[in-house]
Amino acid sequence: MAEAAAVVAHQFDDAEQQRDSVSLGMWLFLIQEIMFFGGLFLGYTVYRYKYSEAFRIGSNELELAWGGINTVVLIFSSLTMALAVHAAQLGKRKAIVAWLLATILLGSVFLGIKGIEYTHKFEHHLVPGPGFHYEGSHARQVQLFFSFYFVMTGMHALHMVIGVGLLAVLVWMAQAGKFDSAYYSPVEMTGLYWHFVDIVWIFLFPLLYLLGRDR
Amino acid sequence: MTQRAIPLPTDESGHHVVPVRLYLMIFGALMVLTAVTVWAATVNLGPLNVVVALLIAGLKATLVILYFMHVRYSKPQVWIFVGAGFLWLAIMITLTISDYLSRGW
């Protein structure tokens with residue numbers, strides 16, 4: 001057991017106050033993240049409204065199957081993350097490590113599939129910039145769609161990469177016996193971050209891949 | 001407000017331990033909603049396609065926030081923080097969209 005880990009820092013009255021502060025601090029960070037991604041979603045919405053035909057073309061250029069599979073993979077990884085926190089609450093060290101590793105694996109699968117999709121976009125000259133080439137109508141507006149696509153999914157993927165790094169640190173900490181059922185805040189807070197990244201994708205998937213599929 | 005949380009076994013630190021069965025049910029619901037949103041996207045509903053897609057995404061996000069992120073079992077100050085975050089997001093989106101939608105008038 002990691003009795004040292006459960007020590008309350010001197011500025012807190014007790015462990016409960018410390019835990020509440022950690023939790024509120026994490027939520028403050030996540031609110032800032034909500035506003036950051038919110039701005040991207042808002043910009044996308046405005047231009048989707050302005051250039052609806054071009055954005056419909058853009059959405060249909062995306063690979064629905066890969067997007068759908070990644071949605072399932074990411075939601076599954078949220079489940080394994082929740083189970084890692086659950087194992088931490090019960091102080092089951094081996095189960096924490098196993099669920100964290102499962103989450104890392106699923107996160108990596110997501111990033112791998114994203115890599116396949118990005119590669120296809122490069123091959124089809126759909127990456128904005130001098131190499132962009134689209135034969136149909138609204139080529140410039142379609143390029144704008146892909147600018148949003150790459151910035152939004154790219155920022156999301158960056159968050160995933162950071163998340164996988166955090167999970168790797170947690171695996172090491174759990175192995176070292178730093179957590180018990182009285183202290184597991186790092187697992188819980190990383191869980192909040194991971195679920196937040198999942199939520200961003202829950203909105204990205206329909207907005208980027210699904211709108212405009214009805215005709 | 002803490003009384004609203006359904007009574008569950010707690011761990012040594014007084015946290016609610018959500019049963020695994022509930023996590024699996026939420027996961028199942030998220031999977032079903034994903035299938036529904038993909039299917040609904042192929043049906044021509046006119047302007048309602050966007051509404052349906054966003055409603056389902058919002059419902060999925062709510063399930064993740066309440067159960068996977070434990071907000072349902074969290075203290076009132078967490079509810080206030082989360083609520084405030086989405087309030088400011090709603091203000092940003094509503095004011096901007098109402099501007100763009102009404103420019104032609």
# chains A, B, ... in the order shown; residues from 1 in each chain; ligands from 1

call {"tool": "interface_residues", "arguments": {"of": "chain A", "to": "chain B", "cutoff": "7 Å", "atoms": "only C-alpha atoms", "output": "ChimeraX atom specification"}}
result
/A:24,27,31,35,38,42,72,79,82,86,89-90,181-182,192,195,199,202-203,206,210-211,213-215

call {"tool": "select_by_dssp", "arguments": {"residues": "region 19-63 of chain B", "states": "helix (DSSP H, G or I)", "output": "PyMOL selection string"}}
result
chain B and resi 20-41+48-63

call {"tool": "atom_distance", "arguments": {"atom1": "CA of Met160 (chain A)", "atom2": "CA of Ser77 (chain A)"}}
result
11.2 Å
